[in-house]
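Next comes entry_9.tsv, with TSV, C-alpha atoms.
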```tsv
chain	number	residue	atom	x	y	z
A	195	MET	CA	19.92	-62.96	23.45
A	196	SER	CA	20.68	-65.32	26.36
A	197	VAL	CA	20.37	-64.77	30.13
A	198	LEU	CA	22.57	-66.43	32.79
A	199	PHE	CA	20.98	-68.32	35.72
A	200	GLU	CA	21.65	-67.01	39.24
A	201	SER	CA	23.15	-70.35	40.39
A	202	PRO	CA	26.93	-70.37	39.86
A	203	ASP	CA	27.05	-74.19	39.95
A	204	ALA	CA	24.85	-74.79	36.97
A	205	LEU	CA	26.04	-72.61	34.17
A	206	GLN	CA	23.19	-73.12	31.78
A	207	PHE	CA	21.83	-70.64	29.29
A	208	GLN	CA	18.28	-70.26	28.20
A	209	PRO	CA	17.02	-68.31	25.18
A	210	TYR	CA	15.35	-65.03	26.04
A	211	SER	CA	13.14	-63.02	23.70
A	212	TYR	CA	11.92	-59.48	24.26
A	213	GLY	CA	9.12	-59.93	21.79
A	214	ASP	CA	7.37	-62.81	23.61
A	215	PRO	CA	5.92	-61.71	27.00
A	216	SER	CA	5.32	-65.30	28.08
A	217	ARG	CA	9.08	-65.97	28.08
A	218	ASN	CA	10.16	-62.81	29.93
A	219	SER	CA	10.74	-64.67	33.25
A	220	PHE	CA	13.32	-67.17	34.44
A	221	GLN	CA	12.01	-70.69	34.42
A	222	GLY	CA	14.35	-71.90	37.14
A	223	SER	CA	13.59	-69.13	39.65
A	224	ALA	CA	10.49	-68.39	41.66
A	225	GLN	CA	10.81	-64.67	41.14
A	226	SER	CA	10.14	-63.07	37.75
A	227	PHE	CA	12.01	-60.00	36.69
A	228	PRO	CA	10.76	-57.13	34.48
A	229	THR	CA	12.22	-56.45	31.13
A	230	PRO	CA	15.49	-54.54	31.64
A	231	PRO	CA	15.73	-51.13	30.00
A	232	GLN	CA	17.95	-50.75	27.00
A	233	TYR	CA	20.54	-48.29	28.20
A	234	GLY	CA	22.42	-46.40	25.56
A	235	ALA	CA	19.69	-46.76	22.95
A	236	SER	CA	19.19	-43.69	20.79
A	237	PHE	CA	15.97	-41.71	21.18
A	238	ASN	CA	14.92	-39.65	18.17
A	239	PRO	CA	11.50	-38.03	18.74
A	240	THR	CA	9.77	-36.52	15.74
A	241	ILE	CA	8.59	-32.95	16.46
A	242	SER	CA	6.70	-30.94	13.87
A	243	TRP	CA	6.44	-27.17	13.82
A	244	ALA	CA	2.65	-27.41	13.55
A	245	ALA	CA	2.53	-29.42	16.80
A	246	ALA	CA	4.84	-26.94	18.52
A	247	LEU	CA	2.62	-23.98	17.63
A	248	SER	CA	-0.69	-25.74	18.29
A	249	THR	CA	-2.50	-26.29	21.58
A	250	GLY	CA	-2.05	-30.07	21.48
A	251	ASP	CA	-4.31	-31.90	23.91
A	252	TYR	CA	-5.61	-28.72	25.57
A	253	PRO	CA	-8.86	-27.76	23.81
A	254	ASP	CA	-9.45	-24.59	25.88
A	255	GLU	CA	-5.94	-23.26	25.41
A	256	PRO	CA	-5.67	-20.39	22.87
A	257	PRO	CA	-3.11	-20.74	20.06
A	258	LEU	CA	0.43	-19.59	20.75
A	259	LEU	CA	0.32	-16.83	18.12
A	260	GLU	CA	-2.88	-15.47	19.65
A	261	GLU	CA	-1.25	-15.40	23.09
A	262	LEU	CA	1.60	-13.39	21.56
A	263	GLY	CA	-0.90	-10.89	20.17
A	264	ILE	CA	-0.64	-12.09	16.55
A	265	ASN	CA	-4.07	-12.82	15.10
A	266	PHE	CA	-3.94	-13.01	11.33
A	267	SER	CA	-7.73	-12.86	10.94
A	268	HIS	CA	-7.83	-9.55	12.83
A	269	ILE	CA	-4.89	-8.24	10.81
A	270	LYS	CA	-6.68	-9.14	7.60
A	271	GLY	CA	-9.92	-7.49	8.71
A	272	LYS	CA	-8.24	-4.23	9.69
A	273	ALA	CA	-6.14	-4.20	6.52
A	274	LEU	CA	-9.28	-4.61	4.41
A	275	ALA	CA	-10.91	-1.76	6.33
A	276	VAL	CA	-7.95	0.46	5.38
A	277	LEU	CA	-8.03	-0.66	1.75
A	278	ASN	CA	-11.75	0.16	1.58
A	279	PRO	CA	-12.03	3.50	3.39
A	280	PHE	CA	-15.49	4.19	1.95
A	281	GLY	CA	-16.92	1.12	3.64
A	282	PHE	CA	-18.52	0.90	7.05
A	283	ILE	CA	-16.15	1.34	10.00
A	284	ASP	CA	-17.24	-0.35	13.20
A	285	LYS	CA	-16.86	1.81	16.28
A	286	ASN	CA	-15.36	-1.12	18.17
A	287	ILE	CA	-12.83	-1.99	15.49
A	288	MET	CA	-9.92	-0.96	17.70
A	289	ASP	CA	-11.11	-2.58	20.91
A	290	ASP	CA	-8.73	-5.43	20.09
A	291	ALA	CA	-5.79	-3.23	19.17
A	292	ASP	CA	-2.50	-4.87	18.30
A	293	LEU	CA	0.92	-3.88	16.99
A	294	ALA	CA	1.63	-7.05	15.00
A	295	GLY	CA	0.13	-5.64	11.81
A	296	PRO	CA	1.81	-2.21	12.10
A	297	ILE	CA	5.21	-3.81	12.72
A	298	ILE	CA	4.74	-6.04	9.66
A	299	PHE	CA	3.77	-3.04	7.53
A	300	CYS	CA	6.77	-1.05	8.77
A	301	PHE	CA	9.10	-3.90	7.85
A	302	LEU	CA	7.48	-4.20	4.42
A	303	PHE	CA	7.73	-0.46	3.86
A	304	GLY	CA	11.40	-0.40	4.77
A	305	GLY	CA	12.09	-3.62	2.88
A	306	PHE	CA	10.63	-2.34	-0.39
A	307	LEU	CA	12.57	0.90	0.00
A	308	LEU	CA	15.70	-1.16	0.59
A	309	LEU	CA	15.10	-3.07	-2.64
A	310	ALA	CA	14.83	0.30	-4.38
A	311	GLY	CA	18.24	1.27	-2.98
A	312	LYS	CA	16.99	3.42	-0.07
A	313	LEU	CA	18.08	2.42	3.43
A	314	HIS	CA	15.65	4.32	5.69
A	315	PHE	CA	14.84	1.97	8.58
A	316	GLY	CA	16.06	4.46	11.17
A	317	TYR	CA	13.98	7.26	9.68
A	318	ILE	CA	10.91	5.04	9.54
A	319	TYR	CA	11.02	4.11	13.21
A	320	GLY	CA	11.97	7.64	14.24
A	321	ILE	CA	9.09	9.24	12.34
A	322	ALA	CA	6.68	6.55	13.52
A	323	THR	CA	7.61	7.03	17.18
A	324	LEU	CA	7.43	10.83	17.03
A	325	GLY	CA	4.17	10.71	15.07
A	326	CYS	CA	2.49	8.32	17.49
A	327	LEU	CA	3.47	10.41	20.51
A	328	SER	CA	2.29	13.61	18.83
A	329	MET	CA	-1.06	12.16	17.74
A	330	TYR	CA	-1.57	10.65	21.18
A	331	ALA	CA	-1.18	14.07	22.77
A	332	ILE	CA	-3.35	15.84	20.19
A	333	LEU	CA	-6.22	13.34	20.34
A	334	ASN	CA	-6.33	13.36	24.14
A	335	LEU	CA	-6.47	17.15	24.12
A	336	MET	CA	-9.27	17.22	21.55
A	337	SER	CA	-11.52	14.35	22.68
A	338	GLU	CA	-13.52	13.93	25.86
A	339	SER	CA	-13.10	10.17	26.22
A	340	GLY	CA	-9.43	10.09	25.26
A	341	ILE	CA	-7.42	7.30	23.70
A	342	ASP	CA	-4.43	5.28	24.84
A	343	GLY	CA	-1.11	5.23	23.06
A	344	TYR	CA	-1.43	1.57	22.11
A	345	ARG	CA	-4.56	2.13	20.03
A	346	THR	CA	-3.10	5.31	18.55
A	347	ALA	CA	-0.06	3.43	17.29
A	348	SER	CA	-2.29	0.60	16.03
A	349	VAL	CA	-4.49	2.92	13.93
A	350	LEU	CA	-1.55	4.85	12.47
A	351	GLY	CA	0.32	1.61	11.76
A	352	TYR	CA	-2.52	-0.10	9.93
A	353	CYS	CA	-3.23	3.02	7.87
A	354	LEU	CA	0.40	2.88	6.68
A	355	LEU	CA	-0.65	0.14	4.23
A	356	PRO	CA	-1.05	2.52	1.24
A	357	MET	CA	2.52	3.66	1.85
A	358	VAL	CA	3.63	0.04	1.61
A	359	ILE	CA	1.95	-0.15	-1.79
A	360	LEU	CA	3.66	3.11	-2.79
A	361	SER	CA	7.08	1.79	-1.76
A	362	PHE	CA	6.46	-1.33	-3.86
A	363	LEU	CA	5.44	0.73	-6.89
A	364	SER	CA	8.47	2.98	-6.47
A	365	MET	CA	10.65	-0.01	-7.39
A	366	LEU	CA	8.78	-0.45	-10.68
A	367	VAL	CA	8.09	3.14	-11.71
A	368	TRP	CA	11.04	5.34	-12.67
A	369	ASN	CA	9.07	8.41	-13.72
A	370	LYS	CA	9.49	10.96	-10.92
A	371	ILE	CA	6.32	12.85	-11.81
A	372	LEU	CA	4.24	9.68	-11.71
A	373	VAL	CA	5.82	8.69	-8.39
A	374	MET	CA	4.95	12.09	-6.91
A	375	VAL	CA	1.35	11.73	-8.10
A	376	LEU	CA	1.14	8.27	-6.55
A	377	SER	CA	2.67	9.55	-3.32
A	378	SER	CA	0.07	12.34	-3.12
A	379	LEU	CA	-2.73	9.82	-3.60
A	380	SER	CA	-1.18	7.59	-0.94
A	381	VAL	CA	-1.04	10.45	1.56
A	382	LEU	CA	-4.71	11.25	0.92
A	383	TRP	CA	-5.60	7.58	1.24
A	384	CYS	CA	-3.74	7.14	4.53
A	385	THR	CA	-5.10	10.39	5.93
A	386	TYR	CA	-8.68	9.57	5.01
A	387	SER	CA	-8.52	6.10	6.55
A	388	ALA	CA	-6.75	7.14	9.75
A	389	SER	CA	-8.91	10.20	10.40
A	390	LEU	CA	-12.07	8.17	9.76
A	391	MET	CA	-11.00	5.53	12.28
A	392	PHE	CA	-10.05	8.12	14.89
A	393	VAL	CA	-13.27	10.13	14.66
A	394	THR	CA	-15.35	6.92	14.60
A	395	VAL	CA	-13.71	5.44	17.68
A	396	LEU	CA	-13.67	8.72	19.61
A	397	SER	CA	-17.10	9.98	18.38
A	398	MET	CA	-15.73	13.33	17.19
A	399	SER	CA	-16.93	13.53	13.58
A	400	GLU	CA	-17.29	17.34	13.79
A	401	GLN	CA	-13.54	17.67	14.32
A	402	ARG	CA	-12.43	15.40	11.51
A	403	MET	CA	-10.57	18.11	9.57
A	404	LEU	CA	-8.64	19.06	12.69
A	405	VAL	CA	-7.66	15.41	13.14
A	406	ALA	CA	-6.81	14.95	9.47
A	407	TYR	CA	-4.30	17.82	9.32
A	408	PRO	CA	-1.61	16.41	11.68
A	409	VAL	CA	-2.23	12.92	10.29
A	410	ALA	CA	-1.55	14.22	6.77
A	411	LEU	CA	1.71	15.78	7.94
A	412	LEU	CA	2.81	12.46	9.42
A	413	TYR	CA	2.12	10.44	6.28
A	414	SER	CA	3.68	13.15	4.11
A	415	ALA	CA	6.95	12.48	5.93
A	416	PHE	CA	6.68	8.81	5.03
A	417	ALA	CA	5.91	9.69	1.42
A	418	LEU	CA	9.06	11.82	1.20
A	419	LEU	CA	11.10	8.73	2.10
A	420	ALA	CA	9.58	6.87	-0.85
A	421	VAL	CA	9.97	9.73	-3.36
A	422	PHE	CA	13.45	11.06	-2.70
A	423	GLU	CA	16.76	9.25	-2.40
```
I need this file expressed as structure tokens, please.
Amino acid sequence: MSVLFESPDALQFQPYSYGDPSRNSFQGSAQSFPTPPQYGASFNPTISWAAALSTGDYPDEPPLLEELGINFSHIKGKALAVLNPFGFIDKNIMDDADLAGPIIFCFLFGGFLLLAGKLHFGYIYGIATLGCLSMYAILNLMSESGIDGYRTASVLGYCLLPMVILSFLSMLVWNKILVMVLSSLSVLWCTYSASLMFVTVLSMSEQRMLVAYPVALLYSAFALLAVFE
């Protein structure tokens, strides 16, 4: 590239190179000029999804998913607690309650039913909403410390995991009697896990049967969606 001198009388050209800093000034002028910007040049930054979801150069900043209330390690721990109801349940297990896991399980439950030819998303959310409100009222009437609706929905949602397994098996098993047996076991499994979590968190082990009865009715409604068309 060549650059024109400022003097109109002497039209002389001198080679100019952007790569050599020592030649980025006019030799015939006392004033040196900076390298002009390249207007119109295309700018194609490379952005990765991992960089977008990470904290970047901020070490004290929590991850984006954690700020949104989605912590996969907590979801995994609570799911394992539901899958192993005979294990130890920490009293503070629901101090960090979330709805990310329950929403995922509801989508999986409805998705597996959809693959089996049963479109019940409206029933699932209707039963879940009514069940959470009912259990919230019952538990606050029975316990001294009380419980908020957020933790109530979190416990009931995580204990829906056996129903997700039932909905998956209903796609593979065509024997109605076997499906009804599996649904009964799933209701018992969900009821046992949910009632154990409620009485552990609220310190009301003497009233576990009273807590288990309405919980069993709630999960029986979910089981009916998986058994019948």
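Residues in contact range of Leu355 (chain A), defined as at most 8 Å between all atoms listed in the file, with sequence neighbours fewer than 4 positions away removed, read A:Ala273, A:Val276, A:Leu277, A:Phe299, A:Gly351, A:Ile359, A:Cys384.
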Using all atoms of region 415-420 of chain A listed in the file and a margin of 4 Å per side, can you give the axis-aligned box centre and edge lengths in Å to one decimal, as AutoDock Vina command-line options?
```
--center_x 8.5 --center_y 9.7 --center_z 2.5 --size_x 13.2 --size_y 13.6 --size_z 14.8
```
Near Ala291 (chain A), counting all atoms listed in the file, which residues have an atom at most 10 Å away, once you skip same-chain residues fewer than 5 positions from it, shown as a ChimeraX atom specification? /A:263,268-269,272,286,344-349
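Each of A:Phe392, A:Phe422, A:Tyr413, A:Phe362 was compared to Gly305 (chain A) using all atoms listed in the file, and A:Phe362 turns out to be the nearest.
Using only C-alpha atoms for every distance, the candidate list A:Met365, A:Phe416, A:Pro356, A:Met336 yields A:Met336 as the residue closest to Glu400 (chain A).
Using only C-alpha atoms, the protein and nucleic acid residues lying no more than 8 Å from Ser389 (chain A), apart from those fewer than 2 places from it along its own chain, are Thr385, Tyr386, Ser387, Met391, Phe392, Val393, Arg402, Val405, Ala406 and Val409 of chain A.
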Go through A:Tyr330, A:Trp383, A:Phe301, A:Phe280 one by one, measure the shortest atom-to-atom distance of each to His314 (chain A) using all atoms listed in the file, and give the residue with the smallest value.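 Smallest distance to His314 (chain A) is found for A:Phe301.
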Show me, as a PyMOL selection string, the residues that have an atom within 10 Å of Ile332 (chain A) when counting only C-alpha atoms, minus same-chain residues fewer than 6 positions from it. chain A and resi 326+340+404-405+408
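Shortest atom-to-atom contact with Tyr352 (chain A) among A:Pro296, A:Lys270, A:Pro279, A:Ser397: A:Pro296, counting only C-alpha atoms.
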Can you tell me how far CA of Trp368 (chain A) sits from CA of Ala417 (chain A), in Å to one decimal?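 CA of Ala417 (chain A) lies 15.6 Å from CA of Trp368 (chain A).
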Work out how far CA of Ile318 (chain A) is from CA of Val381 (chain A), in Å to one decimal.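 Pair CA of Val381 (chain A) / CA of Ile318 (chain A) returns 15.4 Å.
With all atoms listed in the file as the atoms that count, the minimum distance from Tyr317 (chain A) to the choices A:Ile283, A:Leu396, A:Ala388, A:Cys300 is reached by A:Cys300.
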As an exercise, work out the distance from CA of Lys370 (chain A) to CA of Phe315 (chain A) in Å and give it to one decimal place. 22.1 Å
